[in-house]
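Scroll down for the structure; my scribbles are underneath it.
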Amino acid sequence: VSIYEANLMKAQQRALVWPHFVVSPNYSGRGFSFIADNYGTGPAIIESVEVRYKDTLIVDYDDLLDRINPNRQIGYDRLHMTSLNQTVFKAGEERQVFNMPWDDETREMAKQMQYVTIKVQYSERFKSEREFEN
């Protein structure tokens, strides 16, 4: 009985520090963005990130924007981008990982973001790994 209770207590302690990681699109009066949040009670250690556009694996932000609009004029001077790979999100932390301000070009590009899929594999201290897909 004591071994069972000890295992049960361990499981309860692990549940208290679970991360709950979400990446979601955000539309505001200023522009379009992807926001990453750890809604859980423990840290989320990002192991890997996979981004797809219409089922095609994306290499980086440039690749994504070129696939959405090969003739785009928007460049790094107007974009805000941050990598998620190999980072740690503490409990309750929120970060903007991609942002483009509104203009005629970016409004058209934002319509294509519905075809973007982001798959994040993360781990935390007690549990080996979890996957999140938007």
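Ligands are numbered from 1 in the order shown, chains are lettered A, B, ... in the order of the structure tokens, and residues start at 1 in each chain.
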
For the contact check between stretch 24-91 of chain A and stretch 109-117 of chain A, emit one row per residue of stretch 24-91 of chain A within 8 Å, containing the shortest atom pair and the distance in Å rounded to one decimal, counting only C-alpha atoms, chain then rising number order, as a Markdown table.
| residue | atom | partner | partner_atom | distance |
| --- | --- | --- | --- | --- |
| A:Phe32 | CA | A:Ala110 | CA | 6.6 |
| A:Val51 | CA | A:Thr117 | CA | 5.7 |
| A:Arg52 | CA | A:Thr117 | CA | 5.1 |
| A:Tyr53 | CA | A:Val116 | CA | 4.5 |
| A:Lys54 | CA | A:Tyr115 | CA | 5.4 |
| A:Ile68 | CA | A:Met109 | CA | 6.4 |
| A:Asn69 | CA | A:Met109 | CA | 6.9 |

Would you save the residues from that selection as a short mmCIF file (atom, residue, chain, number, x, y, z; two decimals), in the first residue's frame, using N, CA and C atoms?
data_model
loop_
_atom_site.label_atom_id
_atom_site.label_comp_id
_atom_site.auth_asym_id
_atom_site.auth_seq_id
_atom_site.Cartn_x
_atom_site.Cartn_y
_atom_site.Cartn_z
N PHE A 32 -0.73 41.12 -38.06
CA PHE A 32 -0.93 39.69 -37.87
C PHE A 32 0.28 39.14 -37.12
N VAL A 51 7.10 23.55 -39.15
CA VAL A 51 6.13 24.45 -39.76
C VAL A 51 5.83 23.94 -41.16
N ARG A 52 4.55 23.88 -41.48
CA ARG A 52 4.13 23.45 -42.82
C ARG A 52 3.17 24.48 -43.39
N TYR A 53 3.27 24.66 -44.69
CA TYR A 53 2.33 25.50 -45.43
C TYR A 53 1.74 24.64 -46.52
N LYS A 54 0.44 24.39 -46.42
CA LYS A 54 -0.26 23.51 -47.36
C LYS A 54 0.48 22.17 -47.49
N ILE A 68 4.06 31.89 -49.70
CA ILE A 68 2.79 32.60 -49.66
C ILE A 68 2.71 33.63 -50.78
N ASN A 69 3.79 34.37 -50.98
CA ASN A 69 3.82 35.40 -52.02
C ASN A 69 5.24 35.51 -52.58
#

Exercise. Contacts of stretch 70-83 of chain A at 12 Å or less, counting only C-alpha atoms, minus same-chain residues fewer than 4 places along, as an MDAnalysis selection string?
Worked result: chainID A and resid 31:36 46:51 59:66 87:88 95:109 120

Exercise. Can you list every residue in chain A that DSSP puts in helix (DSSP H, G or I), as a PyMOL selection string?
Worked result: chain A and resi 2-15+61-68+104-115

Problem set entry | Coordinates-based distance that separates atom CA of A:Arg30 from atom CA of A:Glu94 (Å, one decimal) |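 Atom-to-atom, atom CA of A:Glu94 to atom CA of A:Arg30, that is 18.1 Å.
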